[in-house]
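Undergrad: Questions regarding the structure given below will be posed in turn.
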Amino acid sequence: MQKVPVLKVKNLVKEYREGFKLEIPDVEFAEGKIYAITGPNGAGKTTLLNLLSLLEKPTRGEIFFRGRKAPASSPESIHIRRKMHLVMENPYLFHTTVYRNITAGLKIRNVEKNRFSKLVKEALHRVSLEGFEARPASTLSRGEMQRVVLARALVLQPEVLFLDEPFVNIDRRTREILEELIRGIKSLFPTTVIFTTHDLKCAYHLSDKVYSLLEGRLVSGSLENLFTGEVEKKGQDRFVKISPSLKISVVTLKEGKVHICIPPEDIVLSQEAFHSSARNSFRGIIKNIYLSGEVVKVSVEVGAEFTVLITRASYQNMHLAVGDSVCITFKSTAVQVF
Amino acid sequence: MNYLFAGLQEALRMIFHLDREMLSIVMVSLKVSSLSILLATLTGIPFGFFVAIKHFPGKRIVVVLLHTLLSLPTVVVGLLLYSFLSRRGPLGNLGLLYTPWAMVLGQWVLSFPIVSCLSLNATQSLDARAKKTAMILGATHLQSASLLLFEARAGLAAAVIAGFGRVFGEIGVSMMLGGNIRAYTRNITTAIALETGKGEFALGIALGLVLLSISFLLNIIFYYLRNKNISA
């Protein structure tokens, strides 16, 4: 039997008077996974997190928490909200001590007071701020503040943890702690992490799945290989011409001008062209290679610049270098058209 | 000028020897003003908080009205309540006129706008993220209100102290509703007025010094609380 997703969105729409519209037809977040949502400023990332964490009411549509409808601002939504936690991009600490800030959520949940001290100690240990209990929040540096906010989230052991742009304006040490936490959080307690970021490298590095928001719409994969073109028909086949020399085979019923996006992880990089069922195969030159942990990002110019993600082991086996001639191959079904 | 020095000398003697009459007057002032400010705190803070966080039709009018009532003349309050509490008035049968309870009521009417108005301002000046954080933490409306009130504690303390300062030093309501009855409704301000009228400066000066000392002490407490809040 298929597991019920921890969060599910159905035809979610949020409209603002200024004209911005966020539209998420259908998306599911599975339990225990890490999701990254990328997108430019103003794409609706924060709005989406506010909606998912039931802090804002959608104009239309529904959110389901473990299969149960979760309407924002209903009395039962409080119980669901207590199972989730959002760390804001610009978080707020109450004007009191670190200890009282961390225990605020525990008090709300009526956790026994004699457990507070141990829980706070553990949470502070996880963010490397041991002994900070009595420190007034106003005397903390920005990095320390961010870590206290994280400790305040961890102490509640939420089933879903939302992090809004967690890597913006933080020092190196806090970034390391945060990355370590996101990667290792499942070993502490079962949780699903959904974070927004501008940083695509970081999104791929830390998450199990990347979504992108573009003009209020959620797209699977990143927007790294994002192109615009007209749909052309040739018999049963459909192509999108993205440059004078490059036509991408797609599967779509749409017509006219469209955006297409090819997730970098769905592109196969090879030194020689090979026969396969994939309809798109192009030869080009390596423009750039970025090493980041176990993932290597390769930019290939094939009439348009494509980003391809490969593992470090593949990179080493293939002895790739800038200027090499390589082939990129991907299926028509991997191309997202919107 | 000798009578002034003699008056001051006698006043200091009264203070150091804790003169019984002076103490009785100070106690009336403290009891009446503390009770009225307690009532104003229990009603004014929730009212100001509610007006600050809720959106309702006519909110602007309520805010303007509250600010207007800040400068309510004490004699007007005295006159209004006198007409209600006097024997011929609608509340005459309660027999409250010329009792400390009438003074408490009058001082509550005076301090309520100050406490609620300053509480409203203190709540409105809170960072918008404070409310969102309370929601994120899963607070109910009541828990959220308690977190926000705690966050605005310095402003609320200022509201209560300002309200106390207003009623502790007022004379119109106390004179008109209390009647300045010795050892019953005679408080610091009505006693100073009476003693000055009689040309007896010593008790007046002693009471004036006590009044100033209490106001000074209140301000010290307020600054201590504010600084403690800023450093936290």
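Residues are referred to by chain and number: the chain letter is A, B, ... according to the order shown in the structure tokens, the number counts from 1 in that chain, and ligands are numbered separately from 1 in the order shown.
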Provide as number ranges by chain the residues of chain B at most 9 Å from chain A, counting only C-alpha atoms.
TA: B: 127, 129-130, 132-140, 143, 147, 150-151, 229-232
Undergrad: Emit the selected residues as a PDB file, in the first residue's frame, including C-alpha atoms.
TA:
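Listing of again33.pdb after writing:
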```pdb
ATOM      1  CA  ASP B 127       7.441  43.833  15.830  1.00  0.00           C
ATOM      2  CA  ARG B 129       7.137  39.036  13.530  1.00  0.00           C
ATOM      3  CA  ALA B 130       6.340  38.555  17.234  1.00  0.00           C
ATOM      4  CA  LYS B 132       3.798  35.388  13.558  1.00  0.00           C
ATOM      5  CA  THR B 133       6.339  33.657  15.818  1.00  0.00           C
ATOM      6  CA  ALA B 134       3.618  32.963  18.386  1.00  0.00           C
ATOM      7  CA  MET B 135       1.499  31.419  15.616  1.00  0.00           C
ATOM      8  CA  ILE B 136       4.439  29.359  14.345  1.00  0.00           C
ATOM      9  CA  LEU B 137       4.982  28.041  17.866  1.00  0.00           C
ATOM     10  CA  GLY B 138       1.388  26.815  17.809  1.00  0.00           C
ATOM     11  CA  ALA B 139      -0.088  29.278  20.293  1.00  0.00           C
ATOM     12  CA  THR B 140      -3.849  29.574  20.756  1.00  0.00           C
ATOM     13  CA  GLN B 143      -1.432  31.975  24.535  1.00  0.00           C
ATOM     14  CA  LEU B 147       3.221  36.035  24.754  1.00  0.00           C
ATOM     15  CA  PHE B 150       4.921  39.712  27.932  1.00  0.00           C
ATOM     16  CA  GLU B 151       6.820  41.091  24.949  1.00  0.00           C
ATOM     17  CA  ASN B 229      13.751  44.832  29.296  1.00  0.00           C
ATOM     18  CA  ILE B 230      16.080  46.502  26.799  1.00  0.00           C
ATOM     19  CA  SER B 231      19.051  44.397  27.898  1.00  0.00           C
ATOM     20  CA  ALA B 232      17.031  41.123  27.753  1.00  0.00           C
TER      21      ALA B 232
END
```
Undergrad: When DSSP works through the backbone of this structure, what residues of stretch 16-182 of chain A end up as strand (DSSP E or B), shown as number ranges by chain?
TA: A: 21-29, 34-38, 60-65, 68-69, 84-87, 97, 136, 160-163
Undergrad: Could you pull the residues within 10 Å of A:Thr47, counting only C-alpha atoms, minus those fewer than 2 positions along the same chain, as a list in words?
TA: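 In the requested form, the answer reads Lys14, Leu22, Gly42, Ala43, Gly44, Lys45, Leu49, Asn50, Leu51, Leu52, Ser53, Leu55, Glu56, Pro58 and Gly216 of chain A.
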Undergrad: Could the residues in this selection be written to a file with N, CA and C atoms, as a short mmCIF file (atom, residue, chain, number, x, y, z; two decimals), in the first residue's frame?
TA:
```cif
data_model
loop_
_atom_site.label_atom_id
_atom_site.label_comp_id
_atom_site.auth_asym_id
_atom_site.auth_seq_id
_atom_site.Cartn_x
_atom_site.Cartn_y
_atom_site.Cartn_z
N LYS A 14 -3.37 31.18 -4.30
CA LYS A 14 -3.34 32.35 -3.42
C LYS A 14 -3.22 33.58 -4.32
N LEU A 22 -0.26 32.76 -6.84
CA LEU A 22 0.48 31.51 -6.65
C LEU A 22 -0.49 30.38 -6.97
N GLY A 42 10.51 36.91 -5.29
CA GLY A 42 9.15 37.25 -5.70
C GLY A 42 8.44 36.12 -6.42
N ALA A 43 9.06 34.93 -6.44
CA ALA A 43 8.42 33.80 -7.14
C ALA A 43 7.30 33.21 -6.29
N GLY A 44 7.29 33.52 -4.99
CA GLY A 44 6.22 33.01 -4.13
C GLY A 44 6.68 31.94 -3.16
N LYS A 45 7.99 31.84 -2.94
CA LYS A 45 8.52 30.78 -2.07
C LYS A 45 8.02 30.95 -0.62
N LEU A 49 5.45 28.58 1.68
CA LEU A 49 5.75 28.03 3.01
C LEU A 49 4.71 28.48 4.03
N ASN A 50 4.28 29.74 3.94
CA ASN A 50 3.25 30.24 4.86
C ASN A 50 1.94 29.47 4.69
N LEU A 51 1.62 29.13 3.44
CA LEU A 51 0.39 28.37 3.17
C LEU A 51 0.52 26.95 3.69
N LEU A 52 1.66 26.32 3.39
CA LEU A 52 1.86 24.93 3.80
C LEU A 52 1.88 24.79 5.32
N SER A 53 2.43 25.81 6.00
CA SER A 53 2.49 25.72 7.46
C SER A 53 1.21 26.27 8.11
N LEU A 55 -0.19 29.10 8.12
CA LEU A 55 -0.16 30.44 8.72
C LEU A 55 -0.98 31.42 7.90
N GLU A 56 -1.14 31.12 6.62
CA GLU A 56 -1.95 31.97 5.74
C GLU A 56 -3.05 31.14 5.13
N PRO A 58 -5.36 30.08 2.04
CA PRO A 58 -5.33 30.19 0.57
C PRO A 58 -6.63 30.81 0.05
N GLY A 216 4.91 32.01 -9.76
CA GLY A 216 3.82 31.46 -8.96
C GLY A 216 3.45 30.04 -9.28
#
```
Undergrad: Find the spatial neighbours of stretch 9-19 of chain B, counting only C-alpha atoms, within a cut-off of 6 Å - ignore same-chain residues fewer than 4 positions away - and output them as an mmCIF file with N, CA and C atoms, in the first residue's frame.
TA:
```
data_model
loop_
_atom_site.group_PDB
_atom_site.id
_atom_site.type_symbol
_atom_site.label_atom_id
_atom_site.label_comp_id
_atom_site.auth_asym_id
_atom_site.auth_seq_id
_atom_site.Cartn_x
_atom_site.Cartn_y
_atom_site.Cartn_z
ATOM 1 N N ALA B 202 3.249 73.342 57.446
ATOM 2 C CA ALA B 202 4.072 72.189 57.822
ATOM 3 C C ALA B 202 3.526 70.876 57.266
ATOM 4 N N LEU B 203 2.250 70.558 57.550
ATOM 5 C CA LEU B 203 1.674 69.305 57.081
ATOM 6 C C LEU B 203 1.622 69.282 55.554
ATOM 7 N N ILE B 205 3.655 70.817 53.468
ATOM 8 C CA ILE B 205 4.997 70.559 52.915
ATOM 9 C C ILE B 205 5.380 69.087 53.110
ATOM 10 N N ALA B 206 5.085 68.555 54.302
ATOM 11 C CA ALA B 206 5.419 67.147 54.580
ATOM 12 C C ALA B 206 4.726 66.249 53.578
#
```
Undergrad: Just want the 12 Å neighbourhood of A:Phe189, counted on only C-alpha atoms, with same-chain residues fewer than 6 positions away dropped. Output as a list in words.
TA: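 What passes the distance filter is Glu31, Gly32, Leu154, Val155, Leu156, Gln157, Pro158, Glu159, Val160, Leu161, Leu181 and Ile182 of chain A.
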Undergrad: Go through B:Phe201, B:Tyr224, B:Phe84, B:Phe164 and flag the residue nearest B:Leu38, using only C-alpha atoms for the distances.
TA: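 Ranking B:Phe201, B:Tyr224, B:Phe84, B:Phe164 by distance to B:Leu38, first place goes to B:Phe164.
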Undergrad: What is the distance between atom CA of B:Arg88 and atom CA of B:Pro73, in Å to one decimal?
TA: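 Separation of atom CA of B:Arg88 and atom CA of B:Pro73: 23.6 Å.
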Undergrad: Would you give me, as a ChimeraX atom specification, the residues in stretch 124-170 of chain B that DSSP reads as alpha helix (DSSP H)?
TA: /B:124,128-136,141-151,153-168
Undergrad: Separation of atom CA of B:Gly155 and atom CA of B:Ala122, in Å?
TA: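 Computing it gives 5.0 Å between the two atoms.
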